[in-house]
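Colleague: Encoded as structure tokens, here's the structure I'll be asking about.
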Amino acid sequence: MSLKADNERQAEVFKEIISLKKNEDFNRCLAIILCSAKSQPDAIRTAAGVLLKNSIRSNYHKMSTPTRNFIKNKVLQAVGDEKKEIRKTAALIACQTASEDKLNGWEKVLHHLVKMLDSPSYNDVDGAFNTLQKICEDEKSRLDSAELGRPLNILIPKFLTFFVHPKVEFRAYAVGSVNLFLQIMPQALRVNMKDYLKGLGILTNDKSFIIRKLVCQAFVSLVLQDLNTILPHIKQVIEFMLKATAESKEEVAREACEFWPILCEAHHTKGLDSKILKSYLPVLVPILLKGMIYSSLHLVYLGGDEDIEDSHIPDRKQDIAPRHHGPKVTKFYGANGDADTWDDDDEDESYWNLRKCSASSLDTLATDYKDDLLPFLLPLLRKSLDSKQTDWKITEAGILALGAVAEGCFKGISQHLNQLIPFLISLLKHPKPLVRSITCWTLSRYSKWVIHTDPNDEKFFKPLMVQLLQSIQDKNKRVQEAACSAFATLEEEAQERLIPYLEPILKNLMFALQRYQAKNLLVLYDAIGTLAESVGPALGRKELLKILMPPLMSKWQQLNDGDRNIFPLLECLTSIAQSIRGGFLPFAAPVFSRCLKIIHKTLVHMKQMGRSAMENDSTKEFIVCSLDLLSGLVEGLGSSIESLVANSDCLALLYECLRDPDPDVRQSAFGLLGDLGKACIGHIKPHLHKFMPVTISNITFDNNSASLCNNASWALGEIALRVGGDMSEFMPGILEKLVSLIKNPSAPKSLLENAAITLGRVG
């Protein structure tokens with residue numbers, strides 16, 4: 001009962017605080033409660049501090065000068081409060097106030113905080129350091145300003161004296177604060193660089209992993225920002241980073257592991273001799289391979305390593321990463337503009353861990369040293385992949401390493417692939433799902449070799465395809481996802497080689513479509529869309545469409561117009577429509593009308609909500625995705641789309657989208673306009689007086705609108721080619737825009753080429 005009464009009393013006090021909000025002394029009251037009302041519970045004082053910080057952020061410049069000074073003085077008192085939460089809150093408020101003032105008039109405040117660092121009170125030093133570090137983080141450049149007297153000339157030497165302080169938290173504040181300035185390398189740091197490096201050298205042996213982690217961060221930043229500074233000490237730095245990368249404390253090892261790709265980059269960007277790191281490869285490679293082994297904690301995070309059959313369990317919303325749909329393509333004459341993407345992420349974790357960092361570092365080393373890396377790697381891989389290896393985690397790490405070096409060491413590794421590929425295919429039946437999933441990824445990395453080495457399909461390609469299709473049916477979700485991704489990569493490489501096997505492929509994919517949960521459906525839709533793009537019109541055979549389309553249309557009907565899960569299905573259908581062309585005609589009418597319905601409903605919703613309320617809203621993606629599918633339908637069906645356009649409000653909705661404030665919406669809309677111009681110019685021609693002015697106005701280049709400008713230029717060219725003299729009244733504006741664009745030296749080459757072709761068409 002006493003706890004309940006206490007909570008109720010706190011709630012009443014908080015309501016009283018809020019009720020004073022309109023009073024001009026509200027902010028003073030908050031400052032007093034935070035800094036002086038020590039009889040109040042910490043929760044009340046902290047809440048007052050949070051309210052004060054928010055008020056400063058939104059109303060600081062409306063406050064009177066006496067009120068501002070009152071708040072600053074009060075907050076400085078609380079910086080050294082005996083309660084840590086109050087000190088932290090005071091530091092946040094001080095930092096917010098400093099930012100609002102742009103540090104003008106803060107010379108005395110900074111001097112006071114520096115003086116507090118000499119206090120015998122732990123609370124004073126802790127609070128002052130916390131405050132100074134936050135100000136340093138937010139106001140790096142201003143602290144080096146001549147107008148403010150260059151406060152860094154005092155701060156940096158003072159921080160350096162704390163590198164040897166007996167309290168680990170103060171050492172951490174000091175190193176962390178100085179590290180912040182490595183990004184801008186101010187003169188105050190340069191003149192103290194010798195002492196800074198000496199301090200870092202001492203701290204390489206610090207007992208605290210927090211300090212060692214900060215030292216690793218410092219060396220990574222120094223290589224990035226000012227390699228020459230540490231070049232005389234580079235061997236000692238490398239030896240420390242080797243030791244740190246091998247640490248059992250993952251936070252340190254992960255931070256140190258970031259060093260190796262940065263050092264490799266310095267070979268190309270800063271002229272660092274690659275022989276320096278090469279001499280350490282015999283030590284570094286085993287450390288990286290060890291870092292790829294799943295830790296016990298990592299396995300717990302993943303939910304264990306047992307072969308769990310979880311494919312029947314619905315996904316939770318938090319398991320599905322937000323999916324954003326931007327404009328599908330930038331239009332080009334004679335090309336579809338699709339861009340290749342590569343993702344070596346075999347896991348669905350969102351955080352960057354030692355395993356990923358180690359694999360990425362090995363990948364970079366392979367790219368840099370190519371087959372020179374193999375003498376140090378191959379003996380370790382043989383041991384990891386040996387049939388006598390009893391620890392599956394070591395086997396799994398070896399498979400990951402083999403995939404990581406696939407591109408960089410391809411020439412040397414390819415000599416062993418005759419034996420490795422069949423072995424890897426056999427591992428797709430391994431009892432551990434994590435081994436099966438990483439094997440899918442590694443096999444995908446060598447899919448190009450499989451395709452080009454096996455012209456008769458029998459030795460590698462067909463066994464790999466069959467086993468991946470079986471893995472797509474795996475009852476473990478992680479394996480399903482990896483197998484689908486790997487199969488999509490194989491599709492991209494195989495292209496028309498898949499045509500003889502389309503029936504069994506489609507049957508397997510459609511079977512998976514009925515079983516997969518929401519998250520893996522995204523990957524499956526991508527695999528289906530990639531298949532369509534890879535085999536083209538061959539997918540349009542009637543017997544194949546009978547397998548493919550009914551399940552997809554069933555999913556299409558199950559999803560509501562406002563369900564975001566419709567995006568990947570729309571993308572998949574776009575690829576199919578573009579590939580099978582006339583074969584999509586039986587399914588075109590319901591898809592066409594629903595896309596228009598989604599666009600109409602979304603436009604109405606956006607108008608009702610108001611533009612300001614929609615700024616951070618992703619509702620526009622429903623329009624963008626629907627426009628892209630309509631564009632795919634028009635491109636695929638050609639003139640057969642005319643009746644659908646004639647009997648709908650397609651052009652009216654398109655005109656609305658062409659005038660939409662959002663550039664992504666306009667980009668996709670111009671893509672559709674150009675496709676309609678190619679397919680059914682008769683419907684566009686009567687509306688040139690509407691479409692041309694808005695098109696011309698969007699042929700304007702800046703770095704954020706290149707794709708939009710490109711699509712507008714392309715659409716104009718497609719229409720001009722087909723209407724001829726009817727464009728005459730728009731010619732002055734068109735020529736002015738296109739000539740100005742072509743003369744722009746900042747415009748990308750592809751945009752200039754498109755604009756030149758358009759100019760030729762209208763001229």
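Chains: A, B, ... in order of the structure tokens. Residues: from 1 per chain. Ligands: from 1, in order shown.
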If you count only C-alpha atoms, which residues fall within 10 Å of Cys572 in chain A, apart from same-chain ones fewer than 3 positions away, as a list of chain:residue names?
Modeller: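 Once the adjacent positions are removed, what remains is A:Leu522, A:Leu524, A:Tyr525, A:Asp526, A:Ala527, A:Ile528, A:Gly529, A:Thr530, A:Leu531, A:Ala532, A:Glu533, A:Leu552, A:Ile566, A:Phe567, A:Pro568, A:Leu569, A:Ser575, A:Ile576, A:Ala577, A:Leu629.
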Colleague: Go ahead and save the picked residues with N, CA and C atoms, as a PDB file, in the first residue's frame.
Modeller:
```
ATOM      1  N   LEU A 522       8.800 -12.625 -48.524  1.00  0.00           N
ATOM      2  CA  LEU A 522       9.484 -11.514 -49.188  1.00  0.00           C
ATOM      3  C   LEU A 522      10.619 -12.025 -50.065  1.00  0.00           C
ATOM      4  N   LEU A 524      10.959 -15.125 -51.152  1.00  0.00           N
ATOM      5  CA  LEU A 524      10.407 -16.005 -52.183  1.00  0.00           C
ATOM      6  C   LEU A 524       9.869 -15.195 -53.362  1.00  0.00           C
ATOM      7  N   TYR A 525       9.159 -14.098 -53.072  1.00  0.00           N
ATOM      8  CA  TYR A 525       8.678 -13.236 -54.158  1.00  0.00           C
ATOM      9  C   TYR A 525       9.847 -12.725 -55.000  1.00  0.00           C
ATOM     10  N   ASP A 526      10.939 -12.401 -54.335  1.00  0.00           N
ATOM     11  CA  ASP A 526      12.118 -11.930 -55.064  1.00  0.00           C
ATOM     12  C   ASP A 526      12.668 -13.028 -55.973  1.00  0.00           C
ATOM     13  N   ALA A 527      12.702 -14.265 -55.464  1.00  0.00           N
ATOM     14  CA  ALA A 527      13.198 -15.386 -56.275  1.00  0.00           C
ATOM     15  C   ALA A 527      12.297 -15.623 -57.488  1.00  0.00           C
ATOM     16  N   ILE A 528      10.981 -15.489 -57.298  1.00  0.00           N
ATOM     17  CA  ILE A 528      10.043 -15.679 -58.418  1.00  0.00           C
ATOM     18  C   ILE A 528      10.225 -14.563 -59.448  1.00  0.00           C
ATOM     19  N   GLY A 529      10.340 -13.323 -58.959  1.00  0.00           N
ATOM     20  CA  GLY A 529      10.553 -12.201 -59.873  1.00  0.00           C
ATOM     21  C   GLY A 529      11.867 -12.317 -60.632  1.00  0.00           C
ATOM     22  N   THR A 530      12.913 -12.763 -59.940  1.00  0.00           N
ATOM     23  CA  THR A 530      14.216 -12.943 -60.589  1.00  0.00           C
ATOM     24  C   THR A 530      14.148 -14.043 -61.638  1.00  0.00           C
ATOM     25  N   LEU A 531      13.392 -15.097 -61.352  1.00  0.00           N
ATOM     26  CA  LEU A 531      13.209 -16.171 -62.333  1.00  0.00           C
ATOM     27  C   LEU A 531      12.575 -15.615 -63.607  1.00  0.00           C
ATOM     28  N   ALA A 532      11.545 -14.795 -63.439  1.00  0.00           N
ATOM     29  CA  ALA A 532      10.872 -14.204 -64.607  1.00  0.00           C
ATOM     30  C   ALA A 532      11.841 -13.354 -65.421  1.00  0.00           C
ATOM     31  N   GLU A 533      12.625 -12.540 -64.742  1.00  0.00           N
ATOM     32  CA  GLU A 533      13.584 -11.683 -65.442  1.00  0.00           C
ATOM     33  C   GLU A 533      14.664 -12.505 -66.136  1.00  0.00           C
ATOM     34  N   LEU A 552      -0.273 -17.041 -57.050  1.00  0.00           N
ATOM     35  CA  LEU A 552       0.080 -15.632 -56.881  1.00  0.00           C
ATOM     36  C   LEU A 552      -1.165 -14.756 -56.838  1.00  0.00           C
ATOM     37  N   ILE A 566       1.816  -6.137 -49.471  1.00  0.00           N
ATOM     38  CA  ILE A 566       1.483  -6.193 -50.898  1.00  0.00           C
ATOM     39  C   ILE A 566       2.649  -5.697 -51.759  1.00  0.00           C
ATOM     40  N   PHE A 567       3.574  -4.922 -51.178  1.00  0.00           N
ATOM     41  CA  PHE A 567       4.676  -4.359 -51.965  1.00  0.00           C
ATOM     42  C   PHE A 567       5.520  -5.412 -52.675  1.00  0.00           C
ATOM     43  N   PRO A 568       6.057  -6.408 -51.939  1.00  0.00           N
ATOM     44  CA  PRO A 568       6.897  -7.393 -52.644  1.00  0.00           C
ATOM     45  C   PRO A 568       6.123  -8.190 -53.683  1.00  0.00           C
ATOM     46  N   LEU A 569       4.829  -8.407 -53.443  1.00  0.00           N
ATOM     47  CA  LEU A 569       4.019  -9.112 -54.440  1.00  0.00           C
ATOM     48  C   LEU A 569       3.827  -8.241 -55.681  1.00  0.00           C
ATOM     49  N   SER A 575       7.748  -7.818 -62.440  1.00  0.00           N
ATOM     50  CA  SER A 575       8.778  -8.571 -63.173  1.00  0.00           C
ATOM     51  C   SER A 575       8.144  -9.593 -64.109  1.00  0.00           C
ATOM     52  N   ILE A 576       7.097 -10.262 -63.626  1.00  0.00           N
ATOM     53  CA  ILE A 576       6.427 -11.274 -64.459  1.00  0.00           C
ATOM     54  C   ILE A 576       5.768 -10.622 -65.671  1.00  0.00           C
ATOM     55  N   ALA A 577       5.050  -9.516 -65.435  1.00  0.00           N
ATOM     56  CA  ALA A 577       4.350  -8.837 -66.536  1.00  0.00           C
ATOM     57  C   ALA A 577       5.328  -8.366 -67.606  1.00  0.00           C
ATOM     58  N   LEU A 629       4.087  -1.117 -61.078  1.00  0.00           N
ATOM     59  CA  LEU A 629       3.430  -2.297 -61.640  1.00  0.00           C
ATOM     60  C   LEU A 629       2.649  -1.929 -62.901  1.00  0.00           C
TER      61      LEU A 629
END
```
Colleague: Quick one: residues within 7 Å of range 725-739 of chain A, only C-alpha atoms counted, chain neighbours fewer than 5 positions away excluded, as a list of chain:residue names?
Modeller: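 Residues meeting the cut-off are A:Ile696, A:Ile699, A:Ala720, A:Ala755, A:Leu759.
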Colleague: Would you mind listing what lies within 8 Å of range 284-295 of chain A as a ChimeraX atom specification, with only C-alpha atoms counted and same-chain residues fewer than 3 positions away left out?
Modeller: /A:242,245-246,280-281,298-299,354-356,358-359,361-362,376-377,380,393-394,396-398,400-401
Colleague: Between CA of Pro261 in chain A and CA of Lys275 in chain A, what is the distance in Å, rounded to a tenth?
Modeller: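 Between these atoms lies a distance of 15.0 Å.
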Colleague: Please compute the CA of Gly674 in chain A-CA of Cys595 in chain A distance, one decimal, in Å.
Modeller: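 Going from CA of Gly674 in chain A over to CA of Cys595 in chain A covers 17.7 Å.
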Colleague: At a cut-off of 6 Å, using only C-alpha atoms, what residues contact Leu143 in chain A? Leave out same-chain residues fewer than 5 positions from it and give the result as a list in words.
Modeller: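 Near Leu143 in chain A, the qualifying residues are Arg150, Pro151 and Leu152 of chain A.
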Colleague: Ranking A:Lys88, A:Val300, A:Asp124, A:Leu76 by minimum distance to Val109 in chain A and counting only C-alpha atoms, which one comes first?
Modeller: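 Of the candidates, the smallest distance to Val109 in chain A is held by A:Leu76.
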Colleague: Separation of CA of Phe159 in chain A and CA of Leu52 in chain A, in Å?
Modeller: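 Result for CA of Phe159 in chain A versus CA of Leu52 in chain A: 29.3 Å, one decimal.
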Colleague: I want to know what sits within 12 Å of Gly149 in chain A, based on only C-alpha atoms, with residues of the same chain fewer than 2 positions away left out; could you give that as a PyMOL selection string?
Modeller: chain A and resi 103-108+110-111+142-147+151-155+188
Colleague: Take the residues that were just selected and, keeping C-alpha atoms, output them as a compact mmCIF listing (two decimals), in the first residue's frame.
Modeller:
```txt
# COMPACT_ATOMS: atom_id res chain seq x y z
CA LEU A 103 28.46 28.51 -27.42
CA ASN A 104 28.24 32.31 -27.54
CA GLY A 105 28.83 33.61 -24.02
CA TRP A 106 29.93 30.19 -22.79
CA GLU A 107 33.56 31.04 -22.07
CA LYS A 108 32.97 31.34 -18.32
CA LEU A 110 33.45 26.13 -20.00
CA HIS A 111 36.12 27.55 -17.70
CA ARG A 142 32.68 25.69 -32.66
CA LEU A 143 35.07 24.66 -29.88
CA ASP A 144 37.88 25.34 -32.36
CA SER A 145 36.46 28.74 -33.31
CA ALA A 146 38.75 31.77 -33.10
CA GLU A 147 35.73 33.95 -32.23
CA PRO A 151 38.44 26.55 -26.10
CA LEU A 152 40.11 23.39 -27.41
CA ASN A 153 43.49 24.91 -26.62
CA ILE A 154 42.55 24.42 -22.98
CA LEU A 155 40.30 21.36 -23.20
CA ALA A 188 44.94 22.00 -30.68
```
Colleague: If you run DSSP on this backbone, which residues of range 126-245 of chain A come out as alpha helix (DSSP H), and could you give them as number ranges by chain?
Modeller: A: 126-138, 152-161, 168-179, 187-190, 193-203, 209-230, 234-245
Colleague: Using only C-alpha atoms, which protein or nucleic acid residues come within 8 Å of range 415-430 of chain A? Drop anything in the same chain fewer than 5 positions from it, and give the result as a ChimeraX atom specification.
Modeller: /A:435-437,439-440,443,460,463-464,467-468,471
Colleague: Save out the residues we just selected, N, CA and C atoms, as a short mmCIF file (atom, residue, chain, number, x, y, z; two decimals), in the first residue's frame.
Modeller:
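Output below, filename selection.cif:
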```
data_model
loop_
_atom_site.label_atom_id
_atom_site.label_comp_id
_atom_site.auth_asym_id
_atom_site.auth_seq_id
_atom_site.Cartn_x
_atom_site.Cartn_y
_atom_site.Cartn_z
N VAL A 435 24.58 -24.57 -40.41
CA VAL A 435 25.50 -25.06 -41.43
C VAL A 435 24.79 -25.09 -42.79
N ARG A 436 23.55 -25.56 -42.80
CA ARG A 436 22.81 -25.60 -44.07
C ARG A 436 22.63 -24.20 -44.65
N SER A 437 22.32 -23.23 -43.77
CA SER A 437 22.03 -21.88 -44.28
C SER A 437 23.30 -21.20 -44.80
N THR A 439 25.90 -22.65 -45.96
CA THR A 439 26.31 -23.36 -47.17
C THR A 439 25.55 -22.84 -48.38
N CYS A 440 24.28 -22.53 -48.20
CA CYS A 440 23.51 -21.93 -49.30
C CYS A 440 24.18 -20.65 -49.78
N LEU A 443 27.61 -21.34 -51.57
CA LEU A 443 27.37 -21.90 -52.91
C LEU A 443 26.93 -20.81 -53.88
N PHE A 460 27.52 -30.34 -61.94
CA PHE A 460 27.40 -29.38 -60.83
C PHE A 460 26.06 -28.64 -60.84
N PRO A 463 22.73 -30.87 -59.98
CA PRO A 463 22.71 -31.26 -58.57
C PRO A 463 22.53 -30.08 -57.62
N LEU A 464 23.19 -28.95 -57.95
CA LEU A 464 23.04 -27.76 -57.10
C LEU A 464 21.62 -27.24 -57.15
N GLN A 467 19.23 -29.57 -55.22
CA GLN A 467 19.38 -29.53 -53.78
C GLN A 467 18.93 -28.20 -53.19
N LEU A 468 19.16 -27.10 -53.92
CA LEU A 468 18.67 -25.81 -53.44
C LEU A 468 17.15 -25.78 -53.42
N SER A 471 16.16 -27.48 -50.43
CA SER A 471 16.42 -26.64 -49.25
C SER A 471 15.37 -25.54 -49.12
#
```
Colleague: Would you please work out which residue, of A:Leu197, A:Ile742, A:Val114, A:Leu658, is nearest to Ala712 in chain A when using only C-alpha atoms?
Modeller: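 Residue with the minimum atom-to-atom distance to Ala712 in chain A: A:Leu658.
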